[in-house]
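Below is the file model_3.cif, which contains mmCIF, C-alpha atoms and all ligand atoms.
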```cif
data_query
#
loop_
_atom_site.group_PDB
_atom_site.id
_atom_site.type_symbol
_atom_site.label_atom_id
_atom_site.label_comp_id
_atom_site.auth_asym_id
_atom_site.auth_seq_id
_atom_site.Cartn_x
_atom_site.Cartn_y
_atom_site.Cartn_z
ATOM 1 C CA MET A 1 -1.530 -5.736 25.931
ATOM 2 C CA SER A 2 -1.107 -9.090 27.596
ATOM 3 C CA GLU A 3 0.114 -12.173 25.796
ATOM 4 C CA ASN A 4 -3.301 -13.703 26.306
ATOM 5 C CA ASN A 5 -5.002 -10.989 24.328
ATOM 6 C CA ILE A 6 -2.621 -11.588 21.466
ATOM 7 C CA LEU A 7 -3.178 -15.310 21.579
ATOM 8 C CA ASN A 8 -6.930 -14.778 21.589
ATOM 9 C CA SER A 9 -6.822 -12.451 18.643
ATOM 10 C CA ALA A 10 -8.021 -13.923 15.362
ATOM 11 C CA ASN A 11 -5.808 -11.373 13.686
ATOM 12 C CA ILE A 12 -2.446 -12.816 14.565
ATOM 13 C CA PRO A 13 0.033 -12.856 11.676
ATOM 14 C CA VAL A 14 1.312 -16.188 10.385
ATOM 15 C CA HIS A 15 4.551 -14.772 9.005
ATOM 16 C CA ILE A 16 6.386 -11.627 10.181
ATOM 17 C CA GLY A 17 9.344 -10.033 8.401
ATOM 18 C CA PHE A 18 11.756 -7.861 10.383
ATOM 19 C CA ILE A 19 13.918 -5.083 8.936
ATOM 20 C CA MET A 20 16.382 -4.757 11.807
ATOM 21 C CA ASP A 21 17.537 -1.165 11.387
ATOM 22 C CA GLY A 22 19.216 1.226 13.806
ATOM 23 C CA ASN A 23 22.054 -0.820 15.251
ATOM 24 C CA GLY A 24 24.533 1.907 14.308
ATOM 25 C CA ARG A 25 22.425 4.712 15.797
ATOM 26 C CA TRP A 26 21.863 2.678 18.950
ATOM 27 C CA ALA A 27 25.626 2.255 19.345
ATOM 28 C CA LYS A 28 26.403 5.902 18.576
ATOM 29 C CA ALA A 29 23.918 7.091 21.215
ATOM 30 C CA ARG A 30 25.902 5.056 23.761
ATOM 31 C CA ASN A 31 29.360 6.091 22.572
ATOM 32 C CA LEU A 32 29.940 2.575 21.321
ATOM 33 C CA ILE A 33 31.234 1.497 17.935
ATOM 34 C CA ARG A 34 28.805 0.357 15.221
ATOM 35 C CA THR A 35 29.805 -3.286 15.465
ATOM 36 C CA GLN A 36 28.754 -3.286 19.137
ATOM 37 C CA GLY A 37 25.320 -2.234 17.914
ATOM 38 C CA HIS A 38 25.222 -5.312 15.675
ATOM 39 C CA ASP A 39 26.278 -7.512 18.594
ATOM 40 C CA ALA A 40 23.417 -6.084 20.682
ATOM 41 C CA GLY A 41 21.158 -6.748 17.695
ATOM 42 C CA VAL A 42 21.815 -10.477 17.945
ATOM 43 C CA SER A 43 20.494 -10.596 21.532
ATOM 44 C CA ALA A 44 17.406 -8.646 20.479
ATOM 45 C CA LEU A 45 16.822 -11.108 17.643
ATOM 46 C CA GLU A 46 17.003 -14.102 19.964
ATOM 47 C CA LYS A 47 14.438 -12.635 22.381
ATOM 48 C CA ILE A 48 12.092 -11.868 19.486
ATOM 49 C CA VAL A 49 12.446 -15.408 18.113
ATOM 50 C CA SER A 50 11.516 -16.932 21.477
ATOM 51 C CA HIS A 51 8.588 -14.591 21.927
ATOM 52 C CA CYS A 52 7.243 -15.222 18.420
ATOM 53 C CA ARG A 53 7.359 -18.962 19.004
ATOM 54 C CA ASP A 54 5.675 -18.606 22.407
ATOM 55 C CA ILE A 55 2.737 -16.624 21.026
ATOM 56 C CA GLY A 56 2.113 -18.883 18.048
ATOM 57 C CA ILE A 57 3.681 -17.049 15.098
ATOM 58 C CA ARG A 58 4.556 -19.693 12.498
ATOM 59 C CA CYS A 59 7.320 -18.013 10.532
ATOM 60 C CA VAL A 60 9.749 -15.133 11.012
ATOM 61 C CA THR A 61 12.181 -13.663 8.490
ATOM 62 C CA PHE A 62 15.025 -11.380 9.623
ATOM 63 C CA TYR A 63 16.861 -9.078 7.207
ATOM 64 C CA ALA A 64 20.422 -9.451 8.466
ATOM 65 C CA PHE A 65 22.542 -8.452 5.446
ATOM 66 C CA SER A 66 21.428 -7.073 2.109
ATOM 67 C CA THR A 67 23.049 -7.363 -1.309
ATOM 68 C CA GLU A 68 23.759 -3.611 -0.906
ATOM 69 C CA ASN A 69 25.413 -3.927 2.529
ATOM 70 C CA TRP A 70 28.711 -5.024 0.917
ATOM 71 C CA SER A 71 29.355 -1.330 0.219
ATOM 72 C CA ARG A 72 29.821 -0.632 3.957
ATOM 73 C CA PRO A 73 33.345 -0.166 5.369
ATOM 74 C CA LYS A 74 35.369 -3.380 5.125
ATOM 75 C CA GLN A 75 35.819 -3.596 8.886
ATOM 76 C CA GLU A 76 32.031 -3.585 9.437
ATOM 77 C CA VAL A 77 31.383 -6.110 6.645
ATOM 78 C CA ASP A 78 34.113 -8.376 8.045
ATOM 79 C CA HIS A 79 32.584 -8.139 11.515
ATOM 80 C CA LEU A 80 29.127 -9.056 10.225
ATOM 81 C CA MET A 81 30.472 -12.000 8.214
ATOM 82 C CA GLN A 82 32.392 -13.239 11.233
ATOM 83 C CA MET A 83 29.246 -12.810 13.329
ATOM 84 C CA PHE A 84 27.106 -14.895 10.947
ATOM 85 C CA SER A 85 29.754 -17.566 10.725
ATOM 86 C CA SER A 86 30.323 -17.905 14.470
ATOM 87 C CA TYR A 87 26.582 -17.745 15.043
ATOM 88 C CA MET A 88 26.154 -20.731 12.750
ATOM 89 C CA ASP A 89 28.953 -22.492 14.665
ATOM 90 C CA LYS A 90 26.972 -21.922 17.854
ATOM 91 C CA LEU A 91 23.819 -23.406 16.290
ATOM 92 C CA ILE A 92 25.752 -26.388 14.918
ATOM 93 C CA LYS A 93 27.243 -27.038 18.351
ATOM 94 C CA GLU A 94 23.753 -27.048 19.867
ATOM 95 C CA ILE A 95 22.421 -29.351 17.147
ATOM 96 C CA ASN A 96 25.301 -31.768 17.715
ATOM 97 C CA SER A 97 24.800 -31.811 21.460
ATOM 98 C CA GLY A 98 21.129 -32.574 21.835
ATOM 99 C CA GLY A 99 19.247 -29.849 19.972
ATOM 100 C CA LEU A 100 18.732 -26.151 19.444
ATOM 101 C CA LYS A 101 18.248 -23.949 22.518
ATOM 102 C CA THR A 102 16.897 -20.474 21.628
ATOM 103 C CA TYR A 103 15.526 -21.908 18.400
ATOM 104 C CA LYS A 104 14.182 -25.049 20.051
ATOM 105 C CA GLY A 105 11.931 -27.001 17.696
ATOM 106 C CA SER A 106 12.488 -24.576 14.829
ATOM 107 C CA SER A 107 13.415 -25.056 11.232
ATOM 108 C CA VAL A 108 16.252 -22.557 10.671
ATOM 109 C CA ARG A 109 17.137 -21.372 7.173
ATOM 110 C CA PHE A 110 19.735 -18.866 6.022
ATOM 111 C CA ILE A 111 18.313 -17.458 2.805
ATOM 112 C CA GLY A 112 19.831 -15.264 0.103
ATOM 113 C CA ASP A 113 22.395 -15.562 -2.672
ATOM 114 C CA MET A 114 24.837 -17.992 -1.130
ATOM 115 C CA SER A 115 27.185 -17.892 -4.138
ATOM 116 C CA ALA A 116 28.932 -14.884 -2.534
ATOM 117 C CA PHE A 117 30.078 -17.006 0.407
ATOM 118 C CA ASN A 118 32.894 -19.502 0.680
ATOM 119 C CA GLU A 119 32.507 -23.264 0.787
ATOM 120 C CA ASP A 120 32.761 -23.419 4.580
ATOM 121 C CA PHE A 121 29.975 -20.852 5.049
ATOM 122 C CA ARG A 122 27.718 -22.653 2.552
ATOM 123 C CA ARG A 123 28.405 -26.004 4.228
ATOM 124 C CA LYS A 124 27.203 -24.589 7.566
ATOM 125 C CA VAL A 125 24.068 -23.105 5.968
ATOM 126 C CA LYS A 126 23.255 -26.479 4.393
ATOM 127 C CA PHE A 127 23.920 -28.454 7.567
ATOM 128 C CA ILE A 128 21.663 -26.212 9.690
ATOM 129 C CA LYS A 129 18.886 -26.300 7.111
ATOM 130 C CA GLU A 130 19.001 -30.072 6.743
ATOM 131 C CA LYS A 131 19.284 -30.885 10.439
ATOM 132 C CA THR A 132 16.632 -28.442 11.617
ATOM 133 C CA SER A 133 14.203 -29.471 8.875
ATOM 134 C CA GLU A 134 13.773 -32.599 11.017
ATOM 135 C CA ASN A 135 11.860 -30.309 13.414
ATOM 136 C CA GLY A 136 9.087 -29.958 10.803
ATOM 137 C CA GLU A 137 7.439 -26.698 9.806
ATOM 138 C CA GLU A 138 5.739 -25.748 13.057
ATOM 139 C CA PHE A 139 8.008 -22.708 13.441
ATOM 140 C CA ILE A 140 10.329 -21.456 10.728
ATOM 141 C CA VAL A 141 13.145 -18.951 11.251
ATOM 142 C CA ASN A 142 14.631 -17.403 8.106
ATOM 143 C CA ILE A 143 17.762 -15.307 8.378
ATOM 144 C CA ALA A 144 18.361 -13.342 5.180
ATOM 145 C CA VAL A 145 22.035 -12.815 4.331
ATOM 146 C CA ASN A 146 23.265 -11.395 1.037
ATOM 147 C CA TYR A 147 19.585 -11.037 0.333
ATOM 148 C CA GLY A 148 18.061 -8.696 -2.215
ATOM 149 C CA GLY A 149 14.431 -8.786 -3.318
ATOM 150 C CA ARG A 150 15.231 -7.862 -6.926
ATOM 151 C CA ALA A 151 18.062 -10.388 -7.151
ATOM 152 C CA GLU A 152 15.728 -13.038 -5.753
ATOM 153 C CA ILE A 153 13.123 -12.385 -8.466
ATOM 154 C CA VAL A 154 15.797 -12.406 -11.203
ATOM 155 C CA HIS A 155 17.126 -15.702 -9.818
ATOM 156 C CA ALA A 156 13.623 -17.224 -9.866
ATOM 157 C CA VAL A 157 12.960 -16.078 -13.436
ATOM 158 C CA ASN A 158 16.325 -17.328 -14.714
ATOM 159 C CA GLU A 159 15.812 -20.687 -13.051
ATOM 160 C CA PHE A 160 12.412 -20.994 -14.708
ATOM 161 C CA ILE A 161 13.740 -20.027 -18.153
ATOM 162 C CA SER A 162 16.550 -22.547 -17.970
ATOM 163 C CA GLU A 163 14.080 -25.302 -17.038
ATOM 164 C CA ASN A 164 11.331 -24.183 -19.452
ATOM 165 C CA PRO A 165 12.935 -22.345 -22.380
ATOM 166 C CA ASN A 166 9.745 -22.082 -24.427
ATOM 167 C CA LYS A 167 7.083 -21.403 -21.827
ATOM 168 C CA LEU A 168 5.546 -18.195 -20.544
ATOM 169 C CA ILE A 169 6.160 -17.624 -16.863
ATOM 170 C CA THR A 170 3.359 -17.328 -14.283
ATOM 171 C CA GLU A 171 3.209 -15.753 -10.816
ATOM 172 C CA LYS A 172 3.158 -19.233 -9.304
ATOM 173 C CA ASP A 173 6.336 -20.162 -11.235
ATOM 174 C CA ILE A 174 8.094 -17.187 -9.656
ATOM 175 C CA SER A 175 6.671 -17.618 -6.139
ATOM 176 C CA GLU A 176 7.782 -21.221 -5.840
ATOM 177 C CA ARG A 177 11.334 -20.406 -6.947
ATOM 178 C CA LEU A 178 11.932 -17.617 -4.425
ATOM 179 C CA TYR A 179 14.338 -18.229 -1.534
ATOM 180 C CA THR A 180 11.294 -18.347 0.730
ATOM 181 C CA GLY A 181 9.906 -21.167 -1.449
ATOM 182 C CA LEU A 182 6.421 -22.277 -0.562
ATOM 183 C CA LEU A 183 6.176 -20.289 2.675
ATOM 184 C CA ALA A 184 3.195 -18.021 3.190
ATOM 185 C CA ASP A 185 3.871 -14.385 2.271
ATOM 186 C CA PRO A 186 4.560 -12.129 5.268
ATOM 187 C CA ASP A 187 1.375 -10.713 6.775
ATOM 188 C CA LEU A 188 3.320 -8.070 8.613
ATOM 189 C CA ILE A 189 6.679 -6.382 8.040
ATOM 190 C CA ILE A 190 8.156 -4.532 10.985
ATOM 191 C CA ARG A 191 10.882 -1.958 10.442
ATOM 192 C CA THR A 192 12.733 -0.472 13.375
ATOM 193 C CA ALA A 193 14.530 2.906 13.605
ATOM 194 C CA GLY A 194 11.901 4.999 11.873
ATOM 195 C CA GLU A 195 12.408 4.821 8.131
ATOM 196 C CA SER A 196 9.357 3.957 6.023
ATOM 197 C CA ARG A 197 10.799 1.891 3.218
ATOM 198 C CA LEU A 198 11.284 -1.736 2.242
ATOM 199 C CA SER A 199 14.939 -1.423 1.190
ATOM 200 C CA ASN A 200 14.781 -4.380 -1.217
ATOM 201 C CA PHE A 201 13.319 -6.748 1.405
ATOM 202 C CA LEU A 202 10.850 -9.438 0.269
ATOM 203 C CA LEU A 203 9.681 -7.285 -2.651
ATOM 204 C CA TRP A 204 7.602 -9.995 -4.307
ATOM 205 C CA GLN A 205 6.269 -11.473 -1.080
ATOM 206 C CA ALA A 206 5.344 -8.097 0.447
ATOM 207 C CA SER A 207 2.674 -7.232 -2.151
ATOM 208 C CA TYR A 208 -0.052 -7.233 0.488
ATOM 209 C CA SER A 209 1.946 -7.144 3.699
ATOM 210 C CA GLU A 210 0.968 -4.705 6.389
ATOM 211 C CA ILE A 211 3.880 -2.476 7.323
ATOM 212 C CA TYR A 212 4.627 -1.276 10.841
ATOM 213 C CA VAL A 213 7.385 1.252 11.465
ATOM 214 C CA THR A 214 8.621 2.042 14.953
ATOM 215 C CA PRO A 215 11.199 4.680 15.966
ATOM 216 C CA VAL A 216 12.778 2.158 18.367
ATOM 217 C CA CYS A 217 16.243 1.005 17.239
ATOM 218 C CA TRP A 218 16.609 -2.743 16.715
ATOM 219 C CA PRO A 219 18.694 -3.527 19.846
ATOM 220 C CA ASP A 220 15.897 -1.942 21.924
ATOM 221 C CA PHE A 221 13.115 -3.809 20.098
ATOM 222 C CA THR A 222 11.846 -5.995 22.923
ATOM 223 C CA PRO A 223 9.001 -8.530 23.037
ATOM 224 C CA GLU A 224 6.879 -5.719 24.564
ATOM 225 C CA GLU A 225 7.560 -3.592 21.487
ATOM 226 C CA LEU A 226 6.549 -6.539 19.321
ATOM 227 C CA ASP A 227 3.293 -6.847 21.255
ATOM 228 C CA LYS A 228 2.575 -3.180 20.455
ATOM 229 C CA ALA A 229 3.093 -3.924 16.764
ATOM 230 C CA LEU A 230 0.788 -6.944 16.996
ATOM 231 C CA GLU A 231 -1.875 -4.929 18.759
ATOM 232 C CA ASN A 232 -1.688 -2.351 15.971
ATOM 233 C CA TYR A 233 -1.793 -5.098 13.305
ATOM 234 C CA GLY A 234 -4.786 -6.719 15.011
ATOM 235 C CA LYS A 235 -6.870 -3.588 14.405
ATOM 236 C CA ARG A 236 -6.206 -3.427 10.689
ATOM 237 C CA THR A 237 -8.545 -4.634 7.983
ATOM 238 C CA ARG A 238 -6.807 -6.393 5.122
ATOM 239 C CA ARG A 239 -8.618 -6.191 1.813
ATOM 240 C CA PHE A 240 -6.105 -7.665 -0.656
ATOM 241 C CA GLY A 241 -7.431 -5.305 -3.323
ATOM 242 C CA GLY A 242 -11.073 -6.210 -2.663
ATOM 243 C CA LEU A 243 -13.792 -4.450 -0.671
ATOM 244 C CA THR A 244 -14.398 -4.734 3.070
ATOM 245 C CA GLU A 245 -18.195 -4.735 2.731
ATOM 246 C CA PRO A 246 -20.038 -5.695 -0.447
ATOM 247 C CA ASP A 247 -22.280 -2.868 -1.851
HETATM 248 C C1 LIG B 301 21.058 -2.228 10.034
HETATM 249 O O1 LIG B 301 21.413 -1.296 11.038
HETATM 250 C C2 LIG B 301 21.485 -3.551 10.464
HETATM 251 C C3 LIG B 301 22.292 -4.382 9.759
HETATM 252 C C4 LIG B 301 22.853 -4.074 8.434
HETATM 253 C C5 LIG B 301 22.701 -5.692 10.330
HETATM 254 C C6 LIG B 301 21.612 -6.404 11.062
HETATM 255 C C7 LIG B 301 22.158 -7.577 11.720
HETATM 256 C C8 LIG B 301 21.820 -7.988 12.960
HETATM 257 C C9 LIG B 301 20.868 -7.330 13.843
HETATM 258 C C10 LIG B 301 22.440 -9.197 13.516
HETATM 259 C C11 LIG B 301 21.844 -10.466 13.008
HETATM 260 C C12 LIG B 301 22.797 -11.489 13.325
HETATM 261 C C13 LIG B 301 22.678 -12.801 13.246
HETATM 262 C C14 LIG B 301 23.790 -13.628 13.687
HETATM 263 C C15 LIG B 301 21.491 -13.500 12.795
HETATM 264 P P1 LIG B 301 22.373 -0.122 10.630
HETATM 265 O O2 LIG B 301 23.765 -0.545 10.846
HETATM 266 O O3 LIG B 301 22.093 0.321 9.234
HETATM 267 O O4 LIG B 301 21.954 0.994 11.648
HETATM 268 P P2 LIG B 301 22.010 2.571 11.389
HETATM 269 O O5 LIG B 301 21.051 2.850 10.255
HETATM 270 O O6 LIG B 301 21.561 3.138 12.672
HETATM 271 O O7 LIG B 301 23.414 2.919 11.037
#
```
With the file now loaded, output its structure as structure tokens.
Amino acid sequence: MSENNILNSANIPVHIGFIMDGNGRWAKARNLIRTQGHDAGVSALEKIVSHCRDIGIRCVTFYAFSTENWSRPKQEVDHLMQMFSSYMDKLIKEINSGGLKTYKGSSVRFIGDMSAFNEDFRRKVKFIKEKTSENGEEFIVNIAVNYGGRAEIVHAVNEFISENPNKLITEKDISERLYTGLLADPDLIIRTAGESRLSNFLLWQASYSEIYVTPVCWPDFTPEELDKALENYGKRTRRFGGLTEPD
């Protein structure tokens, strides 16, 4: 499918969530170590960000590190933490010298439970969020680190209770207190490397998301692979619990 067809499609998602799985398998298949798979995953992510912006997607959310990923071997966790931190350094350098490159014109937000990170890490997250918010909300890039869908809902509920001790909570109260805040729910969630599960990703927001699973491992997930997912999405009918045709 050509980019034009996608652009002309009325069925283009506003918000796409990505479960970037298969870095380890990708590395193993090449006799590389797992962390090299994660490194290759960063390049794949950057190409997908650029492509999404080019074809008019408004928001993308990448699942980079879950609340459960801390149980991985220390060496892998340390590598991922170092990767996030130096990646933020790279973004900060770009911001300080004229503006973002790959993420040009984007609002970039690291989302998740930041209390697990040190002061320096949190300072970088805050700086990037504040500086890139000046780009407006034309294109939003969320990178989920220490993110868990259940933890996010618990956080939202606790925040509400502490602000409103005697009130009953509504869906809207929860939605607006999620890490994704007032963003539109994802229309489409793409999971690479074949497994058909959400793995604690955007549990609240994914109520009516379409799910697309591809066997391709994340480092091999190219813009062409994304176009295939969009073509598939474009043919779906979303009913949100209603009927397609009235009786
Ligand atoms: C799952 O693959 C992937 C992760 C836990 C990490 C994903 C992170 C990235 C792609 C990098 C993002 C980086 C930045 C700087 C934004 P896996 O290791 O579980 O793969 P496997 O199931 O094949 O072992």
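Using all atoms listed in the file, the protein and nucleic acid residues lying no more than 6 Å from A:Asp187, apart from those fewer than 3 places from it along its own chain, are Pro13, His15 and Ser209 of chain A.
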Next item on the list: Check which residues satisfy the PyMOL selection byres (((not hetatm)) within 10 of (chain B and resi 301)) in the file shown, then give them as a VMD selection string.
Entry: chain A and resid 18 to 29 34 to 35 37 to 46 62 to 66 68 to 70 72 76 to 77 80 to 88 90 110 142 to 145 192 to 195 217 to 219
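Here atom CA of A:Asn135 and atom CA of A:Gly105 stand 5.4 Å from one another.
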Next item on the list: Find the distance between atom CA of A:Asp173 and atom CA of A:Ser106 and write it in Å to one decimal.
Entry: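 So the answer is 27.1 Å.
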Next item on the list: Would you mind listing what lies within 8 Å of stretch 54-59 of chain A as a PyMOL selection string, with all atoms listed in the file counted and same-chain residues fewer than 2 positions away left out?
Entry: chain A and resi 3+6-7+12-16+50-52+61+138-142
Check: Given the choices A:Asn166, A:Asn96, A:Thr214, A:Gln205, which gets closest to A:Ala184 if the distance is worked out from only C-alpha atoms?
Finding: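 For A:Ala184, the nearest of the given residues is A:Gln205.
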Next item on the list: Rank nothing, just name the residue among A:Lys172, A:Lys131, A:Lys167, A:Arg191 nearest to A:Trp204, using only C-alpha atoms.
Entry: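 Between A:Lys172, A:Lys131, A:Lys167, A:Arg191, the residue approaching A:Trp204 most closely is A:Lys172.
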Note to self: Once the PyMOL selection byres (((chain A and resi 171) around 12) and not hetatm) is applied to the coordinates I shared, what remains selected? I want it as a list in words.
What the structure shows: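 So the PyMOL selection byres (((chain A and resi 171) around 12) and not hetatm) ends up selecting Ile153, Ala156, Val157, Phe160, Leu168, Ile169, Thr170, Lys172, Asp173, Ile174, Ser175, Glu176, Arg177, Leu178, Trp204 and Gln205 of chain A.
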